[in-house]
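Q: Shown below is the structure under consideration.
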Amino acid sequence: MGEVESSRLLKKGAEASIYVKHWHGRKVVVKARLPKKYRPAILDAKIRRYRTIHEPQLMHEAKKAGVPTPTIFLVDIENSVITMEYIEGKQLKRILDQISEKEREEFCFRIGMLIGKMHQQGVIHGDLTTSNMILEDNNKIFLVDFGLGEKSNEFEARGVDLHLMKRALQSTHYHYAEKCFRTVIKGYSRVLNVEDAKRVIEKTREIERRGRYIDERKQK
Amino acid sequence: MKRPADALCLGVESTADDFGIGVVTFNGQIIANSSSAYIPEEGGIHPREAARHHGAMADKVLNEALTNAEIRARDLDLIAFSQGPGLGPCLRTGATVARALSSYLNVPLIGVNHSVAHIEIGKLEKKAVDPVILYVSGGNTIVSAFDAGRYRVFGETLDIALGNCLDVFARAAGLKHKQGMPLGAKLERFAAKGKQLLSLPYVVKGMDISLSGLLTAATTLLKKGVYRLEDLCYSLQEHAFSMVTEVTERALAHTEKKEILLTGGVAANKRLQFMIKSITDEHEAKFNVVSRELAADNGAMIAWAGVLGYRCGLVTPIEKSFVKLRWRLEKVDVPWVK
């Protein structure tokens with residue numbers, strides 16, 4: 001842990017602190033899930049351990065499906081610390097508002113395809129936001145932060161994943177959220193077979209209808 | 001009786017089990033806040049029975065509010081009412097009272113969003129400016145923050161509300177709701193004496209949470225009859241509160257705001273307050289929690305939200321004063337927030 005403290009804090013997130021440091025001649029990201037004082041120690045340890053074990057596995061699975069994710073170098077379960085590749089680039093959240101509509105549509109389509117590939121591989125991201133997508137300098141989109149993910153082939157889990165993507169667009173990129181999400185769906189449907197894609201999208205609607213105070217529920 | 005120098009707004013609240021009437025001055029002083037709670041003999045809120053209670057108590061609560069405020073009805077300048085979201089029969093009863101007052105006194109009427117009112121009363125009381133808001137009650141569990149004209153919803157429950165989860169469990173455990181002592185407060189007392197943390201589901205999806213599985217699991221353990229009620233209440237609270245705290249911290253990190261406001265009925269829970277305060281300490285943010293009197297549904301918050309809207313030129317003509325049962329927070333323009 002001493003090494004972690006000596007490195008530069010990149011982001012103090014809710015779930016983990018992200019540090020950047022040099023490690024065996026490479027620039028790496030060190031993701032440390034520090035104890036949370038607000039929850040009971042047993043619960044806290046359980047959550048941190050679970051996520052530290054699962055995140056690298058999911059990232060590896062996603063990579064197998066052709067979804068760019070940082071390469072994992074080291075997993076320290078005892079201290080809940082993961083060391084991984086540093087991706088040179090920018091969060092999609094920061095650039096989505098600054099590019100042309102055409103470029104934005106292209107990114108959304110590609111995001112949809114990535115989510116489709118990942119779901120096909122049985123990987124659920126669990127926190128699809130534009131903060132968790134990094135546009136690498138050579139124009140590749142990387143997905144990061146699989147801490148809330150799971151392995152599942154269920155349509156329910158896929159539906160929630162897409163619902164979260166939509167929610168993230170609505171809260172952060174509200175001016176063109178609907179259009180962006182439609183394009184994400186187009187990319188998604190391109191990858192999954194049409195039947196499956198339809199079922200997931202229908203599931204997403206169903207999940208939204210379950211939510212509180214949704215107008216669509218009136219019709220039921 | 002002497003009339004306060006400032007203009008006055010009366011607010012009618014009746015979204016669920018509480019019927020409340022509050023009076024505030026246009027500069028934000030609360031001069032009356034009366035209410036009466038409908039308490040079912042058993043089970044949860046029956047909308048029609050609750051509405052019947054509201055209708056029967058309206059006169060008494062109104063008179064009490066006017067007496068406490070030391071004003072006469074004709075001193076009022078504006079009538080605000082909770083237009084939604086909520087239970088239809090309850091909302092309609094409150095709206096009827098508000099319309100009657102407005103036309104009898106010949107003063108403007110304004111319908112306000114109940115969720116917005118919970119947020120605005122907290123901001124008024126704690127002088128919060130631009131917080132991440134955790135709004136937790138019997139019907140709502142929402143993490144939001146202001147951006148470009150509206151309170152944007154970053155996360156919420158995918159199924160049942162936090163207060164609902166705690167209430168249903170408390171009823172299953174045989175706890176009873178009494179006037180001035182909500183079920184949640186009873187559960188909190190038991191939880192405070194809990195020692196053993198039982199394993200229960202912990203479901204966080206992005207900034208959303210799911211509580212129905214947690215409720216089912218806790219109820220299943222309760223029915224086994226082998227665990228202390230104190231430990232069950234403690235375990236349920238710890239899991240549910242840790243989940244909402246985690247998503248609130250996530251929203252704080254995501255929006256990079258420097259304040260949190262905890263509001264709604266469940267905000268009165270000391271353990272939840274402690275947890276949310278803990279994350280504000282860690283992120284060097286300011287912690288605000290609404291006082292117990294203003295945490296629960298009340299008329300003063302409706303009156304204050306009415307004043308804010310009215311000052312921006314908003315009014316609700318009678319023909320547009322129909323209630324909106326599913327009026328979501330992010331659909332409401334809040335032109336008074338900059």
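Within each chain, counting starts at residue 1; across the structure tokens, chains are named A, B, ... in the order shown, with ligands numbered 1 upward in that order.
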So that I can see what lies close to A:Phe155, please list as a PyMOL selection string the residues with an atom at most 6 Å from it, counting only C-alpha atoms and leaving out residues fewer than 3 positions away in the same chain.

A: chain A and resi 158-159+200

Q: Can you write out the residues you just picked, keeping N, CA and C atoms, as a tab-separated table (two decimals), in the first residue's frame?

A:
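The result, stored in selection.tsv:
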```
chain	number	residue	atom	x	y	z
A	158	ARG	N	-29.45	-7.71	-19.05
A	158	ARG	CA	-29.08	-6.90	-20.22
A	158	ARG	C	-29.97	-5.66	-20.31
A	159	GLY	N	-31.25	-5.87	-20.04
A	159	GLY	CA	-32.21	-4.75	-20.08
A	159	GLY	C	-31.85	-3.66	-19.08
A	200	VAL	N	-34.31	-7.73	-25.65
A	200	VAL	CA	-33.63	-6.89	-24.65
A	200	VAL	C	-34.28	-5.51	-24.60
```

Q: Tell me which protein, DNA and RNA residues are within 12 Å of stretch 105-110 of chain B, counting only C-alpha atoms, leaving out same-chain ones fewer than 4 positions away, and put them as a VMD selection string.

A: chain B and resid 7 to 12 72 to 83 95 to 101 302 to 323

Q: Please save C-alpha atoms of the selected residues as a short mmCIF file (atom, residue, chain, number, x, y, z; two decimals), in the first residue's frame.

A:
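Result written to part_33.cif:
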```cif
data_model
loop_
_atom_site.label_atom_id
_atom_site.label_comp_id
_atom_site.auth_asym_id
_atom_site.auth_seq_id
_atom_site.Cartn_x
_atom_site.Cartn_y
_atom_site.Cartn_z
CA ALA B 7 -47.39 38.51 1.73
CA LEU B 8 -48.64 35.05 2.76
CA CYS B 9 -49.02 31.70 1.04
CA LEU B 10 -51.03 28.77 2.35
CA GLY B 11 -50.01 25.28 1.18
CA VAL B 12 -52.14 22.14 1.14
CA ARG B 72 -57.51 35.23 9.12
CA ALA B 73 -58.18 33.44 5.85
CA ARG B 74 -58.60 36.74 4.03
CA ASP B 75 -55.01 37.71 4.91
CA LEU B 76 -53.78 35.09 2.44
CA ASP B 77 -52.33 36.12 -0.93
CA LEU B 78 -51.71 32.76 -2.58
CA ILE B 79 -52.94 29.17 -2.28
CA ALA B 80 -50.55 26.35 -3.19
CA PHE B 81 -51.38 22.66 -3.33
CA SER B 82 -49.58 19.42 -3.95
CA GLN B 83 -50.58 18.52 -7.52
CA ALA B 95 -56.82 19.94 -4.59
CA THR B 96 -60.52 20.44 -3.83
CA VAL B 97 -59.71 22.22 -0.57
CA ALA B 98 -57.17 24.43 -2.38
CA ARG B 99 -59.51 25.32 -5.25
CA ALA B 100 -62.29 26.18 -2.80
CA LEU B 101 -60.01 28.48 -0.80
CA ILE B 302 -45.94 23.10 -0.47
CA ALA B 303 -46.56 26.74 0.44
CA TRP B 304 -42.87 27.58 0.00
CA ALA B 305 -42.60 25.85 -3.40
CA GLY B 306 -45.74 27.78 -4.35
CA VAL B 307 -44.09 31.08 -3.42
CA LEU B 308 -41.00 30.23 -5.50
CA GLY B 309 -43.10 29.43 -8.56
CA TYR B 310 -45.42 32.42 -8.11
CA ARG B 311 -42.46 34.80 -7.90
CA CYS B 312 -41.43 33.52 -11.36
CA GLY B 313 -44.90 34.28 -12.68
CA LEU B 314 -46.35 30.77 -12.45
CA VAL B 315 -50.00 30.23 -11.53
CA THR B 316 -52.39 27.33 -12.13
CA PRO B 317 -55.81 28.27 -13.52
CA ILE B 318 -58.63 26.13 -12.08
CA GLU B 319 -59.17 24.34 -15.40
CA LYS B 320 -55.55 23.18 -15.30
CA SER B 321 -55.54 22.22 -11.65
CA PHE B 322 -56.24 18.51 -12.23
CA VAL B 323 -53.96 16.26 -10.21
#
```

Q: Could you list the residues in chain A lying within 10 Å of chain B, using only C-alpha atoms, and format the result as an MDAnalysis selection string?

A: chainID A and resid 11:15 36:44 47 125:129 131 147:149 157 160:161 163:165 167:172 174:175 207:218

Q: Write a file of the selected residues as a compact mmCIF listing (two decimals), in the first residue's frame, keeping N, CA and C atoms.

A:
```txt
# COMPACT_ATOMS: atom_id res chain seq x y z
N LYS A 11 -8.37 10.37 -9.46
CA LYS A 11 -9.79 10.61 -9.22
C LYS A 11 -10.21 9.91 -7.94
N LYS A 12 -10.89 10.67 -7.08
CA LYS A 12 -11.44 10.06 -5.90
C LYS A 12 -12.90 9.77 -6.21
N GLY A 13 -13.15 8.56 -6.65
CA GLY A 13 -14.51 8.18 -7.01
C GLY A 13 -15.28 7.79 -5.78
N ALA A 14 -16.51 7.33 -6.00
CA ALA A 14 -17.33 6.92 -4.88
C ALA A 14 -16.90 5.53 -4.42
N GLU A 15 -16.55 4.71 -5.38
CA GLU A 15 -16.32 3.32 -5.07
C GLU A 15 -14.85 3.04 -4.81
N LYS A 36 -14.98 1.82 3.49
CA LYS A 36 -16.00 2.87 3.65
C LYS A 36 -16.44 2.86 5.10
N LYS A 37 -16.27 4.00 5.73
CA LYS A 37 -16.57 4.05 7.16
C LYS A 37 -18.07 3.96 7.46
N TYR A 38 -18.89 4.34 6.47
CA TYR A 38 -20.33 4.41 6.77
C TYR A 38 -20.98 3.05 6.93
N ARG A 39 -20.43 2.00 6.28
CA ARG A 39 -21.12 0.70 6.40
C ARG A 39 -20.38 -0.24 7.35
N PRO A 40 -21.09 -1.21 7.91
CA PRO A 40 -20.46 -2.11 8.87
C PRO A 40 -19.24 -2.79 8.24
N ALA A 41 -18.20 -3.00 9.05
CA ALA A 41 -16.92 -3.52 8.54
C ALA A 41 -17.08 -4.86 7.81
N ILE A 42 -17.94 -5.73 8.31
CA ILE A 42 -18.10 -7.05 7.67
C ILE A 42 -18.69 -6.88 6.27
N LEU A 43 -19.71 -6.05 6.17
CA LEU A 43 -20.36 -5.82 4.89
C LEU A 43 -19.39 -5.13 3.93
N ASP A 44 -18.67 -4.16 4.45
CA ASP A 44 -17.71 -3.41 3.64
C ASP A 44 -16.64 -4.34 3.07
N ILE A 47 -18.12 -6.59 0.28
CA ILE A 47 -18.36 -5.88 -0.98
C ILE A 47 -17.05 -5.60 -1.71
N HIS A 125 -22.14 -4.94 -17.76
CA HIS A 125 -21.22 -3.92 -17.23
C HIS A 125 -21.65 -3.42 -15.86
N GLY A 126 -22.92 -3.08 -15.71
CA GLY A 126 -23.44 -2.67 -14.41
C GLY A 126 -23.36 -1.18 -14.12
N ASP A 127 -22.66 -0.42 -14.92
CA ASP A 127 -22.56 1.02 -14.67
C ASP A 127 -22.19 1.74 -15.96
N LEU A 128 -23.02 1.55 -16.98
CA LEU A 128 -22.73 2.16 -18.29
C LEU A 128 -23.02 3.65 -18.27
N THR A 129 -21.96 4.44 -18.14
CA THR A 129 -22.09 5.89 -18.24
C THR A 129 -21.00 6.38 -19.17
N SER A 131 -18.89 8.47 -18.42
CA SER A 131 -17.65 8.65 -17.63
C SER A 131 -16.82 7.37 -17.67
N GLY A 147 -16.76 -2.70 -11.89
CA GLY A 147 -16.94 -3.07 -10.47
C GLY A 147 -18.35 -3.50 -10.10
N LEU A 148 -19.34 -3.01 -10.83
CA LEU A 148 -20.72 -3.38 -10.49
C LEU A 148 -21.26 -4.41 -11.47
N GLY A 149 -20.37 -4.96 -12.28
CA GLY A 149 -20.81 -5.89 -13.33
C GLY A 149 -21.10 -7.29 -12.82
N ALA A 157 -31.01 -8.79 -17.01
CA ALA A 157 -29.74 -8.12 -16.69
C ALA A 157 -29.29 -7.23 -17.84
N VAL A 160 -31.48 -4.06 -17.86
CA VAL A 160 -31.10 -3.07 -16.84
C VAL A 160 -29.85 -2.31 -17.31
N ASP A 161 -28.92 -3.04 -17.91
CA ASP A 161 -27.68 -2.42 -18.40
C ASP A 161 -28.01 -1.30 -19.40
N HIS A 163 -30.89 0.21 -19.71
CA HIS A 163 -31.64 1.24 -18.99
C HIS A 163 -30.68 2.23 -18.32
N LEU A 164 -29.60 1.70 -17.73
CA LEU A 164 -28.62 2.57 -17.06
C LEU A 164 -27.93 3.48 -18.06
N MET A 165 -27.65 2.94 -19.24
CA MET A 165 -27.04 3.74 -20.31
C MET A 165 -27.96 4.91 -20.66
N ARG A 167 -30.39 6.21 -18.82
CA ARG A 167 -30.46 7.11 -17.68
C ARG A 167 -29.26 8.05 -17.65
N ALA A 168 -28.07 7.49 -17.91
CA ALA A 168 -26.85 8.29 -17.87
C ALA A 168 -26.89 9.37 -18.96
N LEU A 169 -27.40 9.02 -20.12
CA LEU A 169 -27.51 10.00 -21.20
C LEU A 169 -28.51 11.10 -20.81
N GLN A 170 -29.63 10.67 -20.21
CA GLN A 170 -30.67 11.65 -19.83
C GLN A 170 -30.22 12.62 -18.76
N SER A 171 -29.41 12.14 -17.81
CA SER A 171 -29.03 13.03 -16.72
C SER A 171 -27.83 13.90 -17.09
N THR A 172 -26.98 13.42 -17.98
CA THR A 172 -25.75 14.15 -18.25
C THR A 172 -25.73 14.80 -19.63
N TYR A 174 -28.61 15.66 -21.57
CA TYR A 174 -30.06 15.71 -21.74
C TYR A 174 -30.53 16.35 -23.06
N HIS A 175 -29.68 17.16 -23.68
CA HIS A 175 -30.13 17.84 -24.91
C HIS A 175 -30.38 16.87 -26.07
N ILE A 207 -38.66 -2.62 -17.69
CA ILE A 207 -37.97 -2.17 -16.47
C ILE A 207 -38.33 -0.72 -16.17
N GLU A 208 -38.39 0.09 -17.23
CA GLU A 208 -38.76 1.49 -17.03
C GLU A 208 -40.19 1.62 -16.52
N ARG A 209 -41.06 0.79 -17.05
CA ARG A 209 -42.46 0.85 -16.60
C ARG A 209 -42.61 0.46 -15.14
N ARG A 210 -41.67 -0.39 -14.67
CA ARG A 210 -41.73 -0.80 -13.27
C ARG A 210 -41.37 0.37 -12.34
N GLY A 211 -40.65 1.34 -12.88
CA GLY A 211 -40.18 2.47 -12.09
C GLY A 211 -41.32 3.29 -11.52
N ARG A 212 -41.00 4.28 -10.72
CA ARG A 212 -42.01 5.07 -10.04
C ARG A 212 -42.56 6.15 -10.95
N TYR A 213 -43.84 6.33 -10.92
CA TYR A 213 -44.50 7.45 -11.59
C TYR A 213 -44.18 7.54 -13.08
N ILE A 214 -44.29 6.43 -13.75
CA ILE A 214 -44.04 6.43 -15.18
C ILE A 214 -45.37 6.56 -15.91
N ASP A 215 -45.44 7.52 -16.82
CA ASP A 215 -46.69 7.78 -17.54
C ASP A 215 -47.23 6.54 -18.25
N GLU A 216 -46.31 5.76 -18.85
CA GLU A 216 -46.74 4.61 -19.64
C GLU A 216 -47.57 3.62 -18.82
N ARG A 217 -47.37 3.63 -17.51
CA ARG A 217 -48.09 2.66 -16.69
C ARG A 217 -49.59 2.89 -16.72
N LYS A 218 -49.98 4.13 -17.02
CA LYS A 218 -51.40 4.48 -17.07
C LYS A 218 -52.17 3.56 -18.00
```

Q: Step one, run DSSP on the backbone; step two, keep only residues of stretch 124-186 of chain B assigned to alpha helix (DSSP H); then write them as a list in words.

A: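 Selection result, alpha helix (DSSP H) within stretch 124-186 of chain B: Leu124, Glu125, Lys126, Leu162, Gly163, Asn164, Cys165, Leu166, Asp167, Val168, Phe169, Ala170, Arg171, Ala172, Leu183, Gly184, Ala185 and Lys186 of chain B.
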
Q: Would you mind reading off the distance between atom CA of B:Pro335 and atom CA of A:His173, one decimal, in Å?

A: 19.6 Å

Q: Which residues are near A:Gln91? Cut-off 9 Å, only C-alpha atoms, ignore same chain within fewer than 4 positions. Put them as a ChimeraX atom specification.

A: /A:95-96,130-136
